[in-house]
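Chemist: Provided herewith is a single structure, encoded as structure tokens, for subsequent inquiry.
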Amino acid sequence: MSENRNYLKEIINNIKESNLRRVFTDPLGLFGFLLILFLVLIAIFAPYIAPYSSSDIDIANRLASPSSRHLFGTDNLGRDVFSRLVFGSRIALTVPILTISFGIILAIIFGLIAGYSSERVGNIFLVIFDIIKSFPALLFAMTVIALTGSNLFVLIIIIGITRFPAYARLIRAQTLRVKGKEYVIAAKAIGASIFKIMYKHILPNVIGPIFIQAAMDIPVVITFVAALSFLGLGVPPPTPSWGTMIKIGYSFIRIAPWMVIFGGIALVWATLGFTLFGEALRDNLDPRLNRQR
Amino acid sequence: MDQLVKINSKNIVYKGGVDDKLMLKYILRRLLVTLITVLGATVILFIIIQFLPGDPATVILGPRATPEIIEELRAKMWLDQPVYVQLFRFLYNIIRGDLGTDVLNYMPVRTLVFNALPHTIVLAITSIFIASVIGIPLGTYAAAYKNSLADKITGLLSISMIAIPAFLAGVLFLLFFSVYLDWFPAMGGGKEGDIISQIWHLILPAGSLALGWIGYLARIMRASVLEEMTEDYVRTARSKGLRERTVVFKHVLRGALIPVIAVIGVGFGNLLGGAVITEIIFHRPGLGTLIYHAIQSRNYPIVQGGLIIAVLLYSLVNLLADLSYSFIDPRVRSD
């Protein structure tokens, strides 16, 4: 395999050479994309789709089963499950994107430093990445959030931290590959500052694979946030979130199973969509895969 | 490390003497990294707990305690000492195997953790067993009939199983198999000493935890079998006129299982982490439930001790998985 590769360029080329079209002609990729598109539209137009607001309470109809009045039934406070699912899509989509963005920013900073500095320093960073990775992520997040109190900000920081070592390792590996290249040495020779070299010359050449990795990570983070919400440690109430809804449904599973069922369908809808689409992206755009299928 | 990189797999395999030395070096390096990892994790944990609200002494004694009594207990718990003294004492105690004392019932944390741990390990092992028993044949079957309808259905099924989060699978299993069908008990770990009852209580939690891994193993097995099928010896076997089924099951399978076994090792570590929610859903005793309840009652020593053991276990399992993988595939060592 040639060492002279610019992954971002190759990915962009792949997109230009209508490999992106292949993502959409791949039936599973297209299916995934449609699932995601549907969710995004629901999230954007939530107020127009939902018949009630997420906090409207219908006291007389608590834990009511699905009917024409409440399509997916109501929860223990008499809130409309369908409306809460619709509004919940906003949290389900934004939290993972913010979390992964934060993880990528951390990874860029530490990955570049680890890759650009001496081997010894780089190895120290690797050990630090390993330490963070060796925490069972859920237990770690559970502990910290339970003790700091849960809010969206803490959630994003904590999950971002647990996700970033994987990206940072990738960036470090790519940086190592790039840093001996002529254009980097040339930039150094004409006296470019280290920040300029990193920002202008190294970063664009190492960031490509991260995006594919990030796309693959979205369903993981969606699940993670939902799991924390299920434990009562995720998105704080009364913000509608699918995990919280499944949690409430779990408490009333014998008398009102619809919350678990519809909440579960929404959750699987999202993870399935992103998994299928992410895999299609990877299979068709990632230059590191030799396409011999 | 440099030296390791330069020596390729051929040298390791063919020059007998080099092999052992390199292997030993690799094991030592991995052991060291694991040790640093666990130590680092412990220190980070200690730091986090320092920053948390709620002084343990106040928690134990309740809101009506006088300041003098709180002060006395703080001294007894070393909370009045500088942080670095507390840290070293903390580390020293851990090395001695003393994880501290539960602040509510005065039980040694070690006892609590080691009573809970077997439940979690049994759950994780059962899950990985279920996942292997179903996932590996499924993947093999899909590969043997590549591109057939059955293969495509298996593929879709696998990805759907991967897309269902374990906790959701747990709740749905509970709903269908326990609430609707009433086939399995919904809660607990079964009667103590009654193996049948315990196995009965294990099936739903282990099955729900295994679901995603069934899909995952099926996919890996399929890819692995397909890759193995391109090897020369398979062509030889085929040209000898052996039946396709014999080729797959007698020859390909052996080679194809190797990477899957390595993945199972890593999977076991992940399952230990994932077991937390499953335990909570099914009200099973275990490390996850222990830590979860300790968090809710702000019983920090249990949280600390439980997490340290979890990190230790997780690191050890990953270490073993890495090592076994490098025994199987020498190329890994030159990483």
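Labeling convention for the structure tokens: chains A, B, ... as they appear, residues from 1 per chain, ligands from 1 in order of appearance.
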What are the residues of chain B that have an atom within 9 Å of an atom of chain A, counting only C-alpha atoms, as an NGL selection string?
Modeler: :B and (33-34 or 36-41 or 45 or 48-49 or 51-54 or 156 or 159-160 or 162-169 or 171-172 or 174-175 or 179-180 or 269-270 or 272-274 or 276-277 or 280-281 or 288 or 291-292 or 295-296 or 298 or 303 or 307 or 310-312 or 314-315 or 318)
Chemist: Neighbours of Leu202 of chain B within 9 Å (only C-alpha atoms; same-chain residues fewer than 4 positions away dropped), as a ChimeraX atom specification?
Modeler: /B:122-123,126,189-190,197-198,206-207,284
Chemist: Export, as a PDB file, in the first residue's frame, the selected residues with C-alpha atoms.
Modeler:
ATOM      1  CA  VAL B 122     -22.013 -15.533  35.195  1.00  0.00           C
ATOM      2  CA  LEU B 123     -24.364 -13.204  33.333  1.00  0.00           C
ATOM      3  CA  THR B 126     -23.842 -16.915  29.668  1.00  0.00           C
ATOM      4  CA  GLY B 189     -31.390 -13.939  40.524  1.00  0.00           C
ATOM      5  CA  GLY B 190     -33.239 -17.038  41.645  1.00  0.00           C
ATOM      6  CA  SER B 197     -34.148 -21.583  39.664  1.00  0.00           C
ATOM      7  CA  GLN B 198     -30.987 -19.567  39.071  1.00  0.00           C
ATOM      8  CA  ALA B 206     -28.538 -13.197  29.350  1.00  0.00           C
ATOM      9  CA  GLY B 207     -30.591 -13.519  26.184  1.00  0.00           C
ATOM     10  CA  ARG B 284     -30.543  -9.154  39.551  1.00  0.00           C
TER      11      ARG B 284
END
Chemist: Find the residues near Met216 of chain A: any atom within 7 Å, counting only C-alpha atoms, skip ones fewer than 4 places away on the same chain, and give them as a list in words.
Modeler: Ile212, Thr275, Gly278 and Glu279 of chain A
Chemist: Got a sec to tell me which of segment 183-292 of chain B DSSP assigns to helix (DSSP H, G or I), as a ChimeraX atom specification?
Modeler: /B:195-229,232-239,244-281,287-292
Chemist: Here is a test: counting only C-alpha atoms, which residue of B:Ala275, B:Val252, B:Ile302, B:Met107 is nearest to Met229 of chain B?
Modeler: B:Val252
Chemist: For a quick check of understanding, using only C-alpha atoms, which of A:Leu98, A:Ala107, A:Leu152, A:Ala46 has the smallest distance to Leu233 of chain A?
Modeler: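 So, comparing all the options, the nearest one is A:Leu152.
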Chemist: Within 10 Å of Gly155 of chain B, counting only C-alpha atoms, which residues qualify if same-chain residues fewer than 2 places away don't, as a PyMOL selection string?
Modeler: chain B and resi 138-139+142+147+149-153+157-161+215+218-219+222
Chemist: Rounded to one decimal in Å, what is the spacing between atom CA of Leu203 of chain A and atom CA of Ile100 of chain A?
Modeler: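 Value for the atom CA of Leu203 of chain A-atom CA of Ile100 of chain A distance: 17.5 Å.
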Chemist: Show me, as a list in words, the residues that have an atom within 9 Å of Ser54 of chain A when counting only C-alpha atoms, minus same-chain residues fewer than 4 positions from it.
Modeler: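 Residues meeting the cut-off are Ala50, Arg79, Asp80, Val81, Ser83, Arg84, Leu85, Val86, Phe87, Gly88, Pro238, Thr239 and Pro240 of chain A.
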